[in-house]
$ cat data_11.cif   # mmCIF, N, CA and C atoms
data_model
#
loop_
_atom_site.label_atom_id
_atom_site.label_comp_id
_atom_site.auth_asym_id
_atom_site.auth_seq_id
_atom_site.Cartn_x
_atom_site.Cartn_y
_atom_site.Cartn_z
N LEU A 1 44.88 109.13 39.00
CA LEU A 1 45.47 108.01 39.69
C LEU A 1 46.54 108.45 40.68
N GLN A 2 47.12 109.61 40.43
CA GLN A 2 48.14 110.12 41.34
C GLN A 2 47.56 110.37 42.74
N ALA A 3 46.31 110.79 42.80
CA ALA A 3 45.66 111.03 44.09
C ALA A 3 45.52 109.72 44.87
N LEU A 4 45.25 108.63 44.17
CA LEU A 4 45.15 107.33 44.85
C LEU A 4 46.50 106.89 45.41
N GLU A 5 47.58 107.18 44.67
CA GLU A 5 48.91 106.87 45.17
C GLU A 5 49.21 107.67 46.43
N CYS A 6 48.80 108.92 46.44
CA CYS A 6 49.02 109.76 47.62
C CYS A 6 48.19 109.27 48.80
N GLN A 7 46.98 108.83 48.53
CA GLN A 7 46.15 108.27 49.59
C GLN A 7 46.81 107.02 50.17
N ARG A 8 47.37 106.20 49.30
CA ARG A 8 48.08 105.00 49.76
C ARG A 8 49.27 105.38 50.64
N ASP A 9 50.01 106.43 50.24
CA ASP A 9 51.14 106.89 51.05
C ASP A 9 50.69 107.39 52.41
N ALA A 10 49.58 108.10 52.45
CA ALA A 10 49.04 108.58 53.73
C ALA A 10 48.66 107.39 54.61
N ASN A 11 48.09 106.36 54.02
CA ASN A 11 47.75 105.16 54.79
C ASN A 11 49.00 104.42 55.26
N ARG A 12 50.07 104.48 54.47
CA ARG A 12 51.33 103.86 54.91
C ARG A 12 51.87 104.58 56.14
N ILE A 13 51.75 105.89 56.16
CA ILE A 13 52.19 106.65 57.34
C ILE A 13 51.44 106.17 58.57
N VAL A 14 50.14 106.05 58.44
CA VAL A 14 49.32 105.59 59.56
C VAL A 14 49.74 104.19 59.98
N ALA A 15 50.03 103.32 59.01
CA ALA A 15 50.44 101.95 59.33
C ALA A 15 51.77 101.93 60.07
N VAL A 16 52.73 102.73 59.63
CA VAL A 16 54.03 102.79 60.29
C VAL A 16 53.88 103.27 61.73
N LEU A 17 52.97 104.18 61.95
CA LEU A 17 52.76 104.72 63.29
C LEU A 17 51.90 103.81 64.16
N GLY A 18 51.50 102.67 63.62
CA GLY A 18 50.74 101.71 64.41
C GLY A 18 49.27 102.01 64.47
N GLY A 19 48.79 102.78 63.52
CA GLY A 19 47.40 103.20 63.54
C GLY A 19 46.45 102.18 62.97
N LYS A 20 45.21 102.45 63.17
CA LYS A 20 44.15 101.58 62.70
C LYS A 20 43.18 102.41 61.87
N THR A 21 43.57 102.73 60.66
CA THR A 21 42.73 103.52 59.78
C THR A 21 41.43 102.79 59.54
N PRO A 22 40.30 103.44 59.50
CA PRO A 22 40.04 104.87 59.41
C PRO A 22 39.77 105.55 60.74
N HIS A 23 40.11 104.93 61.86
CA HIS A 23 39.83 105.55 63.15
C HIS A 23 40.69 106.79 63.34
N ILE A 24 40.10 107.83 63.87
CA ILE A 24 40.81 109.09 64.06
C ILE A 24 41.72 108.95 65.28
N GLN A 25 43.02 109.00 65.04
CA GLN A 25 43.97 108.71 66.11
C GLN A 25 44.16 109.87 67.07
N ASN A 26 43.97 111.08 66.60
CA ASN A 26 44.18 112.21 67.52
C ASN A 26 43.05 112.35 68.52
N LEU A 27 41.98 111.61 68.36
CA LEU A 27 40.88 111.66 69.31
C LEU A 27 40.82 110.42 70.19
N ALA A 28 41.67 109.44 69.90
CA ALA A 28 41.66 108.20 70.68
C ALA A 28 42.54 108.34 71.91
N VAL A 29 42.05 107.86 73.02
CA VAL A 29 42.84 107.90 74.25
C VAL A 29 44.07 107.04 74.06
N GLY A 30 45.22 107.57 74.39
CA GLY A 30 46.47 106.82 74.26
C GLY A 30 47.24 107.15 73.00
N GLY A 31 46.58 107.66 71.98
CA GLY A 31 47.27 108.10 70.77
C GLY A 31 47.88 106.96 69.99
N VAL A 32 49.08 107.17 69.48
CA VAL A 32 49.77 106.21 68.63
C VAL A 32 50.15 104.97 69.42
N ALA A 33 50.02 103.80 68.77
CA ALA A 33 50.20 102.53 69.47
C ALA A 33 51.66 102.09 69.59
N ASN A 34 52.61 102.79 68.98
CA ASN A 34 54.01 102.38 69.03
C ASN A 34 54.83 103.25 69.97
N PRO A 35 55.64 102.64 70.83
CA PRO A 35 56.56 103.44 71.63
C PRO A 35 57.71 103.93 70.75
N ILE A 36 58.34 105.01 71.15
CA ILE A 36 59.47 105.55 70.38
C ILE A 36 60.77 105.15 71.07
N ASN A 37 61.66 104.53 70.31
CA ASN A 37 63.00 104.20 70.78
C ASN A 37 63.90 104.27 69.56
N LEU A 38 64.77 105.25 69.51
CA LEU A 38 65.56 105.49 68.30
C LEU A 38 66.52 104.35 67.97
N ASP A 39 66.80 103.45 68.93
CA ASP A 39 67.76 102.38 68.69
C ASP A 39 67.14 101.01 68.50
N ALA A 40 65.92 100.80 68.95
CA ALA A 40 65.30 99.47 68.88
C ALA A 40 64.72 99.21 67.50
N PRO A 41 64.91 98.00 66.97
CA PRO A 41 64.43 97.70 65.61
C PRO A 41 62.92 97.45 65.50
N ASN A 42 62.26 97.08 66.60
CA ASN A 42 60.86 96.66 66.52
C ASN A 42 59.86 97.72 66.94
N VAL A 43 60.30 98.93 67.16
CA VAL A 43 59.39 100.01 67.54
C VAL A 43 59.64 101.20 66.63
N LEU A 44 59.02 102.31 66.93
CA LEU A 44 59.19 103.50 66.09
C LEU A 44 60.59 104.06 66.31
N ASN A 45 61.46 103.84 65.33
CA ASN A 45 62.85 104.28 65.45
C ASN A 45 63.15 105.33 64.38
N LEU A 46 64.38 105.77 64.34
CA LEU A 46 64.76 106.84 63.41
C LEU A 46 64.55 106.44 61.96
N GLU A 47 64.84 105.19 61.63
CA GLU A 47 64.65 104.72 60.26
C GLU A 47 63.18 104.84 59.84
N ARG A 48 62.29 104.42 60.71
CA ARG A 48 60.86 104.50 60.40
C ARG A 48 60.38 105.94 60.36
N LEU A 49 60.92 106.77 61.24
CA LEU A 49 60.54 108.19 61.20
C LEU A 49 60.97 108.84 59.89
N MET A 50 62.15 108.47 59.38
CA MET A 50 62.60 109.01 58.09
C MET A 50 61.73 108.47 56.95
N TYR A 51 61.26 107.24 57.09
CA TYR A 51 60.34 106.66 56.11
C TYR A 51 59.04 107.46 56.09
N VAL A 52 58.53 107.81 57.25
CA VAL A 52 57.33 108.64 57.36
C VAL A 52 57.58 110.01 56.75
N LYS A 53 58.75 110.60 57.03
CA LYS A 53 59.09 111.91 56.48
C LYS A 53 59.08 111.87 54.94
N HIS A 54 59.59 110.79 54.38
CA HIS A 54 59.60 110.63 52.92
C HIS A 54 58.18 110.73 52.36
N PHE A 55 57.24 110.04 52.99
CA PHE A 55 55.86 110.08 52.52
C PHE A 55 55.23 111.45 52.75
N ILE A 56 55.53 112.09 53.86
CA ILE A 56 55.00 113.43 54.13
C ILE A 56 55.51 114.41 53.08
N ASP A 57 56.80 114.31 52.73
CA ASP A 57 57.35 115.19 51.69
C ASP A 57 56.64 114.96 50.36
N ASN A 58 56.38 113.69 50.01
CA ASN A 58 55.66 113.40 48.77
C ASN A 58 54.25 113.98 48.79
N LEU A 59 53.58 113.87 49.93
CA LEU A 59 52.23 114.43 50.04
C LEU A 59 52.27 115.94 49.89
N GLY A 60 53.27 116.59 50.48
CA GLY A 60 53.41 118.04 50.34
C GLY A 60 53.62 118.45 48.89
N ASP A 61 54.46 117.68 48.18
CA ASP A 61 54.68 117.96 46.76
C ASP A 61 53.38 117.82 45.98
N PHE A 62 52.61 116.79 46.27
CA PHE A 62 51.33 116.58 45.58
C PHE A 62 50.38 117.76 45.83
N ILE A 63 50.31 118.21 47.07
CA ILE A 63 49.42 119.33 47.40
C ILE A 63 49.84 120.58 46.64
N GLU A 64 51.13 120.87 46.62
CA GLU A 64 51.61 122.08 45.96
C GLU A 64 51.49 122.01 44.43
N GLN A 65 51.87 120.86 43.85
CA GLN A 65 51.98 120.76 42.40
C GLN A 65 50.70 120.30 41.70
N VAL A 66 49.81 119.63 42.42
CA VAL A 66 48.62 119.07 41.79
C VAL A 66 47.34 119.61 42.42
N TYR A 67 47.19 119.42 43.72
CA TYR A 67 45.93 119.74 44.39
C TYR A 67 45.58 121.22 44.30
N LYS A 68 46.54 122.09 44.61
CA LYS A 68 46.25 123.53 44.55
C LYS A 68 45.98 123.98 43.12
N VAL A 69 46.72 123.43 42.17
CA VAL A 69 46.51 123.78 40.76
C VAL A 69 45.13 123.33 40.30
N ASP A 70 44.76 122.10 40.64
CA ASP A 70 43.44 121.59 40.27
C ASP A 70 42.33 122.42 40.91
N THR A 71 42.53 122.83 42.14
CA THR A 71 41.53 123.66 42.82
C THR A 71 41.33 124.98 42.08
N ALA A 72 42.42 125.60 41.65
CA ALA A 72 42.31 126.85 40.90
C ALA A 72 41.60 126.64 39.57
N ILE A 73 41.89 125.53 38.91
CA ILE A 73 41.24 125.23 37.62
C ILE A 73 39.74 125.03 37.82
N PHE A 74 39.36 124.25 38.84
CA PHE A 74 37.93 124.05 39.11
C PHE A 74 37.25 125.36 39.46
N ALA A 75 37.91 126.21 40.22
CA ALA A 75 37.33 127.51 40.59
C ALA A 75 37.10 128.36 39.35
N ALA A 76 38.01 128.29 38.38
CA ALA A 76 37.87 129.08 37.16
C ALA A 76 36.75 128.54 36.26
N TYR A 77 36.63 127.23 36.15
CA TYR A 77 35.63 126.64 35.27
C TYR A 77 34.25 126.54 35.90
N TYR A 78 34.18 126.50 37.21
CA TYR A 78 32.91 126.36 37.91
C TYR A 78 32.74 127.44 38.97
N PRO A 79 32.64 128.71 38.56
CA PRO A 79 32.54 129.79 39.55
C PRO A 79 31.29 129.67 40.43
N GLU A 80 30.25 129.00 39.94
CA GLU A 80 29.05 128.84 40.76
C GLU A 80 29.33 127.98 42.00
N TRP A 81 30.38 127.17 41.94
CA TRP A 81 30.74 126.36 43.11
C TRP A 81 31.29 127.22 44.24
N LEU A 82 31.72 128.43 43.94
CA LEU A 82 32.23 129.32 44.98
C LEU A 82 31.14 129.70 45.97
N LYS A 83 29.89 129.50 45.57
CA LYS A 83 28.78 129.82 46.48
C LYS A 83 28.60 128.72 47.53
N ILE A 84 29.15 127.55 47.27
CA ILE A 84 29.00 126.43 48.21
C ILE A 84 29.96 126.63 49.37
N GLY A 85 29.43 126.63 50.58
CA GLY A 85 30.26 126.72 51.77
C GLY A 85 30.71 128.10 52.14
N LYS A 86 30.16 129.11 51.47
CA LYS A 86 30.67 130.45 51.75
C LYS A 86 30.09 131.06 53.01
N GLY A 87 28.92 130.68 53.44
CA GLY A 87 28.35 131.17 54.68
C GLY A 87 28.42 132.66 54.88
N ALA A 88 27.34 133.35 54.68
CA ALA A 88 27.22 134.79 54.93
C ALA A 88 28.15 135.63 54.06
N ASN A 89 28.48 135.14 52.87
CA ASN A 89 29.25 135.88 51.87
C ASN A 89 30.67 136.23 52.27
N TYR A 90 31.27 135.49 53.15
CA TYR A 90 32.65 135.74 53.54
C TYR A 90 33.41 134.42 53.53
N TYR A 91 34.69 134.49 53.17
CA TYR A 91 35.57 133.33 53.26
C TYR A 91 36.61 133.63 54.32
N LEU A 92 36.87 132.67 55.18
CA LEU A 92 37.90 132.83 56.21
C LEU A 92 38.67 131.52 56.31
N SER A 93 39.96 131.60 56.14
CA SER A 93 40.83 130.44 56.28
C SER A 93 41.93 130.79 57.26
N VAL A 94 42.06 129.99 58.29
CA VAL A 94 43.04 130.24 59.34
C VAL A 94 44.34 129.51 59.00
N PRO A 95 45.50 130.12 59.25
CA PRO A 95 46.77 129.41 58.99
C PRO A 95 46.82 128.09 59.77
N GLU A 96 47.30 127.06 59.11
CA GLU A 96 47.34 125.73 59.74
C GLU A 96 48.71 125.09 59.56
N LEU A 97 49.00 124.14 60.40
CA LEU A 97 50.21 123.33 60.39
C LEU A 97 51.47 124.18 60.56
N PRO A 98 51.73 124.64 61.80
CA PRO A 98 52.93 125.45 62.05
C PRO A 98 54.20 124.66 61.72
N ILE A 99 55.17 125.35 61.12
CA ILE A 99 56.42 124.69 60.74
C ILE A 99 57.60 125.21 61.55
N ASN A 100 57.35 126.06 62.52
CA ASN A 100 58.42 126.47 63.42
C ASN A 100 57.88 126.49 64.85
N GLY A 101 58.78 126.62 65.80
CA GLY A 101 58.41 126.50 67.20
C GLY A 101 57.61 127.64 67.77
N ASN A 102 57.70 128.82 67.19
CA ASN A 102 56.98 129.97 67.76
C ASN A 102 55.70 130.30 67.00
N ASN A 103 55.24 129.38 66.15
CA ASN A 103 53.95 129.52 65.44
C ASN A 103 53.84 130.81 64.64
N THR A 104 54.89 131.14 63.89
CA THR A 104 54.84 132.32 63.02
C THR A 104 54.93 131.95 61.54
N GLU A 105 55.26 130.69 61.23
CA GLU A 105 55.29 130.21 59.85
C GLU A 105 54.43 128.95 59.76
N PHE A 106 53.64 128.87 58.68
CA PHE A 106 52.69 127.77 58.55
C PHE A 106 52.79 127.13 57.17
N LEU A 107 52.51 125.84 57.11
CA LEU A 107 52.50 125.13 55.85
C LEU A 107 51.33 125.59 54.98
N LEU A 108 50.17 125.82 55.60
CA LEU A 108 48.99 126.30 54.88
C LEU A 108 48.67 127.71 55.34
N SER A 109 48.74 128.64 54.42
CA SER A 109 48.49 130.04 54.77
C SER A 109 47.00 130.29 54.94
N GLY A 110 46.68 131.40 55.54
CA GLY A 110 45.29 131.77 55.75
C GLY A 110 44.95 133.05 55.01
N GLY A 111 43.67 133.38 55.01
CA GLY A 111 43.24 134.61 54.37
C GLY A 111 41.78 134.89 54.64
N TYR A 112 41.39 136.11 54.32
CA TYR A 112 40.02 136.57 54.54
C TYR A 112 39.57 137.27 53.27
N MET A 113 38.32 137.00 52.84
CA MET A 113 37.82 137.63 51.63
C MET A 113 36.32 137.86 51.78
N GLU A 114 35.88 139.03 51.38
CA GLU A 114 34.46 139.36 51.42
C GLU A 114 33.83 138.97 50.09
N GLY A 115 32.80 138.14 50.17
CA GLY A 115 32.12 137.71 48.95
C GLY A 115 33.04 136.95 48.04
N VAL A 116 32.87 137.11 46.74
CA VAL A 116 33.73 136.47 45.76
C VAL A 116 34.60 137.52 45.09
N ASP A 117 34.81 138.62 45.78
CA ASP A 117 35.58 139.73 45.25
C ASP A 117 37.03 139.58 45.70
N PHE A 118 37.89 139.11 44.79
CA PHE A 118 39.28 138.85 45.14
C PHE A 118 40.05 140.12 45.50
N SER A 119 39.53 141.28 45.15
CA SER A 119 40.21 142.52 45.53
C SER A 119 40.12 142.79 47.03
N THR A 120 39.20 142.10 47.71
CA THR A 120 39.07 142.29 49.16
C THR A 120 39.92 141.30 49.95
N TYR A 121 40.66 140.43 49.26
CA TYR A 121 41.47 139.42 49.94
C TYR A 121 42.53 140.07 50.83
N ARG A 122 42.60 139.56 52.06
CA ARG A 122 43.64 140.00 53.00
C ARG A 122 44.30 138.75 53.56
N PRO A 123 45.61 138.63 53.41
CA PRO A 123 46.30 137.44 53.94
C PRO A 123 46.30 137.43 55.47
N ILE A 124 46.30 136.25 56.02
CA ILE A 124 46.43 136.07 57.47
C ILE A 124 47.73 135.30 57.68
N LYS A 125 48.72 135.95 58.25
CA LYS A 125 50.05 135.37 58.37
C LYS A 125 50.22 134.44 59.57
N ASP A 126 49.56 134.75 60.68
CA ASP A 126 49.65 133.88 61.86
C ASP A 126 48.40 134.08 62.71
N TRP A 127 48.35 133.38 63.84
CA TRP A 127 47.14 133.39 64.67
C TRP A 127 46.93 134.70 65.41
N LYS A 128 47.94 135.56 65.43
CA LYS A 128 47.81 136.86 66.10
C LYS A 128 47.54 137.99 65.10
N ASP A 129 47.44 137.66 63.83
CA ASP A 129 47.26 138.65 62.77
C ASP A 129 45.97 139.44 62.96
N GLN A 130 46.04 140.74 62.77
CA GLN A 130 44.88 141.60 62.94
C GLN A 130 43.79 141.27 61.91
N ASN A 131 44.17 140.82 60.71
CA ASN A 131 43.17 140.44 59.71
C ASN A 131 42.33 139.26 60.19
N LEU A 132 42.90 138.37 60.99
CA LEU A 132 42.13 137.27 61.55
C LEU A 132 41.13 137.81 62.56
N LYS A 133 41.57 138.68 63.43
CA LYS A 133 40.68 139.25 64.44
C LYS A 133 39.57 140.08 63.79
N ASP A 134 39.93 140.83 62.74
CA ASP A 134 38.93 141.66 62.06
C ASP A 134 37.97 140.83 61.22
N GLY A 135 38.39 139.63 60.81
CA GLY A 135 37.56 138.78 59.96
C GLY A 135 36.53 137.97 60.72
N ILE A 136 36.56 138.02 62.04
CA ILE A 136 35.62 137.25 62.85
C ILE A 136 34.77 138.21 63.66
N GLU A 137 33.47 138.01 63.61
CA GLU A 137 32.60 138.81 64.45
C GLU A 137 31.52 137.91 65.04
N GLU A 138 31.08 138.26 66.21
CA GLU A 138 30.03 137.49 66.87
C GLU A 138 28.69 138.03 66.44
N SER A 139 27.80 137.13 66.02
CA SER A 139 26.49 137.55 65.55
C SER A 139 25.48 136.45 65.82
N GLY A 140 24.30 136.84 66.21
CA GLY A 140 23.21 135.90 66.40
C GLY A 140 22.18 135.99 65.29
N LYS A 141 22.56 136.64 64.17
CA LYS A 141 21.64 136.90 63.07
C LYS A 141 20.97 135.63 62.55
N HIS A 142 21.73 134.55 62.43
CA HIS A 142 21.18 133.32 61.88
C HIS A 142 20.97 132.25 62.95
N ALA A 143 20.99 132.66 64.21
CA ALA A 143 20.79 131.70 65.31
C ALA A 143 19.31 131.33 65.42
N TRP A 144 19.08 130.14 65.91
CA TRP A 144 17.70 129.69 66.09
C TRP A 144 17.55 129.23 67.54
N TYR A 145 16.59 129.78 68.22
CA TYR A 145 16.35 129.45 69.62
C TYR A 145 14.91 128.97 69.78
N GLU A 146 14.70 127.99 70.65
CA GLU A 146 13.35 127.52 70.95
C GLU A 146 12.86 128.17 72.21
#

$ encode --input "data_11.cif" --output "C-alpha coordinates"
Amino acid sequence: LQALECQRDANRIVAVLGGKTPHIQNLAVGGVANPINLDAPNVLNLERLMYVKHFIDNLGDFIEQVYKVDTAIFAAYYPEWLKIGKGANYYLSVPELPINGNNTEFLLSGGYMEGVDFSTYRPIKDWKDQNLKDGIEESGKHAWYE
(Lines of atoms letter the chains of each structure in order from A and count residues from 1; the text may use other names and numbers.)
(Lines give C-alpha, C1' and ligand atoms only; values in the text may rest on other atoms or scores of the structure.)
Protein backbone atom coordinates (compact mmCIF):
# COMPACT_ATOMS: atom_id res chain seq x y z
CA LEU A 1 0.00 0.00 0.00
CA GLN A 2 2.96 2.30 0.50
CA ALA A 3 3.60 2.23 -3.25
CA LEU A 4 0.06 3.49 -3.87
CA GLU A 5 0.65 6.38 -1.46
CA CYS A 6 3.82 7.26 -3.36
CA GLN A 7 1.94 7.11 -6.65
CA ARG A 8 -0.64 9.48 -5.18
CA ASP A 9 2.16 11.86 -4.13
CA ALA A 10 3.62 11.78 -7.63
CA ASN A 11 0.19 12.63 -9.03
CA ARG A 12 -0.09 15.50 -6.54
CA ILE A 13 3.17 16.91 -7.89
CA VAL A 14 1.74 16.81 -11.40
CA ALA A 15 -1.47 18.48 -10.18
CA VAL A 16 0.42 21.30 -8.44
CA LEU A 17 2.38 21.91 -11.62
CA GLY A 18 -0.85 22.21 -13.59
CA GLY A 19 -0.43 18.93 -15.40
CA LYS A 20 -2.96 16.66 -16.92
CA THR A 21 -1.92 13.14 -15.96
CA PRO A 22 -1.40 10.69 -17.66
CA HIS A 23 -0.24 12.89 -20.54
CA ILE A 24 3.53 13.13 -20.79
CA GLN A 25 4.31 16.75 -20.03
CA ASN A 26 7.91 16.83 -21.16
CA LEU A 27 6.80 15.99 -24.69
CA ALA A 28 3.91 18.46 -24.87
CA VAL A 29 4.49 21.77 -26.59
CA GLY A 30 4.41 24.54 -24.00
CA GLY A 31 5.31 22.32 -21.05
CA VAL A 32 3.84 23.10 -17.63
CA ALA A 33 0.57 25.04 -17.65
CA ASN A 34 1.36 27.35 -14.68
CA PRO A 35 3.44 30.51 -14.86
CA ILE A 36 6.02 31.00 -12.11
CA ASN A 37 5.72 34.04 -9.85
CA LEU A 38 7.24 33.69 -6.40
CA ASP A 39 4.92 36.34 -4.91
CA ALA A 40 1.53 35.68 -6.54
CA PRO A 41 -0.88 33.39 -4.66
CA ASN A 42 -2.67 31.92 -7.70
CA VAL A 43 0.29 30.65 -9.71
CA LEU A 44 3.34 28.50 -9.07
CA ASN A 45 4.95 30.28 -6.14
CA LEU A 46 7.57 29.44 -3.55
CA GLU A 47 5.05 27.83 -1.20
CA ARG A 48 3.86 25.45 -3.91
CA LEU A 49 7.42 24.70 -4.99
CA MET A 50 8.26 23.72 -1.39
CA TYR A 51 5.13 21.55 -1.36
CA VAL A 52 6.41 19.80 -4.50
CA LYS A 53 9.86 19.41 -2.89
CA HIS A 54 8.23 17.71 0.11
CA PHE A 55 6.66 15.09 -2.16
CA ILE A 56 9.87 14.63 -4.16
CA ASP A 57 11.79 14.03 -0.92
CA ASN A 58 9.20 11.43 0.14
CA LEU A 59 9.48 9.69 -3.22
CA GLY A 60 13.27 9.62 -2.90
CA ASP A 61 12.98 8.06 0.55
CA PHE A 62 10.61 5.42 -0.82
CA ILE A 63 13.00 4.57 -3.65
CA GLU A 64 15.98 4.25 -1.31
CA GLN A 65 14.27 2.46 1.60
CA VAL A 66 11.69 0.28 -0.17
CA TYR A 67 12.01 0.06 -3.94
CA LYS A 68 15.74 -0.73 -4.13
CA VAL A 69 15.47 -3.22 -1.25
CA ASP A 70 12.50 -4.97 -2.85
CA THR A 71 14.36 -5.12 -6.17
CA ALA A 72 17.31 -6.84 -4.50
CA ILE A 73 14.98 -9.31 -2.76
CA PHE A 74 13.22 -10.17 -6.03
CA ALA A 75 16.58 -10.59 -7.77
CA ALA A 76 17.69 -13.03 -5.06
CA TYR A 77 14.50 -15.09 -5.07
CA TYR A 78 13.91 -15.05 -8.83
CA PRO A 79 17.33 -15.19 -10.52
CA GLU A 80 15.71 -16.42 -13.73
CA TRP A 81 14.14 -12.96 -14.06
CA LEU A 82 17.64 -11.55 -14.59
CA LYS A 83 17.44 -13.00 -18.09
CA ILE A 84 14.53 -10.69 -18.93
CA GLY A 85 15.68 -7.50 -20.63
CA LYS A 86 19.34 -8.34 -20.61
CA GLY A 87 19.86 -8.11 -24.38
CA ALA A 88 23.06 -9.76 -25.61
CA ASN A 89 24.16 -10.80 -22.09
CA TYR A 90 25.17 -7.34 -20.93
CA TYR A 91 23.60 -4.86 -18.52
CA LEU A 92 24.18 -1.15 -18.98
CA SER A 93 22.68 1.57 -16.82
CA VAL A 94 23.55 5.20 -17.47
CA PRO A 95 23.68 7.70 -14.57
CA GLU A 96 20.44 9.68 -14.42
CA LEU A 97 19.00 12.76 -12.72
CA PRO A 98 21.99 15.09 -12.19
CA ILE A 99 21.98 16.77 -8.77
CA ASN A 100 24.61 19.41 -9.44
CA GLY A 101 25.21 21.97 -12.16
CA ASN A 102 28.23 20.37 -13.81
CA ASN A 103 26.65 16.88 -14.22
CA THR A 104 29.19 15.02 -12.08
CA GLU A 105 26.81 13.78 -9.33
CA PHE A 106 23.61 11.86 -10.02
CA LEU A 107 20.62 10.68 -8.01
CA LEU A 108 20.67 7.32 -9.85
CA SER A 109 24.09 5.81 -10.40
CA GLY A 110 25.05 3.82 -13.45
CA GLY A 111 27.00 0.67 -14.09
CA TYR A 112 28.04 -1.96 -16.60
CA MET A 113 28.04 -5.73 -16.12
CA GLU A 114 28.77 -8.63 -18.43
CA GLY A 115 26.21 -11.40 -18.16
CA VAL A 116 24.96 -12.12 -14.66
CA ASP A 117 28.48 -12.18 -13.26
CA PHE A 118 28.59 -9.51 -10.54
CA SER A 119 32.40 -9.71 -10.46
CA THR A 120 32.43 -7.93 -13.84
CA TYR A 121 30.44 -4.95 -12.51
CA ARG A 122 32.03 -1.59 -13.25
CA PRO A 123 30.43 1.60 -11.88
CA ILE A 124 29.70 4.49 -14.21
CA LYS A 125 30.13 7.74 -12.30
CA ASP A 126 29.14 10.28 -14.97
CA TRP A 127 28.43 10.65 -18.68
CA LYS A 128 32.14 11.05 -19.51
CA ASP A 129 33.19 7.89 -17.63
CA GLN A 130 35.39 5.54 -19.63
CA ASN A 131 33.35 2.54 -18.41
CA LEU A 132 30.34 4.03 -20.22
CA LYS A 133 32.29 4.43 -23.44
CA ASP A 134 33.76 0.93 -23.13
CA GLY A 135 30.34 -0.57 -22.35
CA ILE A 136 28.81 0.55 -25.66
CA GLU A 137 29.75 -0.85 -29.02
CA GLU A 138 28.18 -0.54 -32.43
CA SER A 139 27.12 -3.84 -33.94
CA GLY A 140 24.80 -4.97 -36.70
CA LYS A 141 24.84 -8.59 -35.48
CA HIS A 142 21.13 -8.66 -34.67
CA ALA A 143 20.00 -6.11 -37.27
CA TRP A 144 17.40 -7.05 -39.82
CA TYR A 145 17.35 -5.50 -43.27
CA GLU A 146 14.93 -6.04 -46.16

$ resolve_selection --input "data_11.cif" --expression "the PyMOL selection byres ((chain A and resi 133-146) around 8)" --output "list in words"
Tyr91, Leu92, Gly111, Tyr112, Met113, Trp127, Lys128, Asp129, Gln130, Asn131 and Leu132 of chain A

$ closest_atom_pairs --input "data_11.cif" --of "segment 27-79 of chain A" --to "segment 2-11 of chain A" --cutoff "8 Å" --atoms "only N, CA and C atoms" --output "JSON lines"
{"residue": "A:Phe55", "atom": "CA", "partner": "A:Asp9", "partner_atom": "C", "distance": 5.8}
{"residue": "A:Ile56", "atom": "N", "partner": "A:Asp9", "partner_atom": "C", "distance": 6.9}
{"residue": "A:Asn58", "atom": "C", "partner": "A:Cys6", "partner_atom": "CA", "distance": 6.8}
{"residue": "A:Leu59", "atom": "CA", "partner": "A:Cys6", "partner_atom": "CA", "distance": 6.2}
{"residue": "A:Phe62", "atom": "CA", "partner": "A:Cys6", "partner_atom": "CA", "distance": 7.5}

$ atom_distance --input "data_11.cif" --atom1 "atom C of His54 of chain A" --atom2 "atom C of Leu17 of chain A"
15.1 Å

$ atom_distance --input "data_11.cif" --atom1 "atom CA of Phe118 of chain A" --atom2 "atom CA of Ser93 of chain A"
14.0 Å

$ closest_residue --input "data_11.cif" --among "A:Pro123, A:Ile73, A:Asp61, A:Gly110" --to "Leu97 of chain A" --atoms "only C-alpha atoms"
A:Gly110

$ atom_distance --input "data_11.cif" --atom1 "atom N of Leu82 of chain A" --atom2 "atom C of Glu105 of chain A"
27.7 Å

$ select_by_dssp --input "data_11.cif" --residues "segment 34-95 of chain A" --states "helix (DSSP H, G or I)" --output "PyMOL selection string"
chain A and resi 46-77+79-83

$ residues_near_point --input "data_11.cif" --point "(47.3, 122.0, 60.5)" --cutoff "8 Å" --atoms "all atoms listed in the file" --output "list in words"
Pro95, Glu96, Leu97, Pro98, Leu107 and Leu108 of chain A

$ select_by_dssp --input "data_11.cif" --residues "chain A" --states "strand (DSSP E)" --output "ChimeraX atom specification"
/A:90-93,96-98,106-108,110-114,122-124
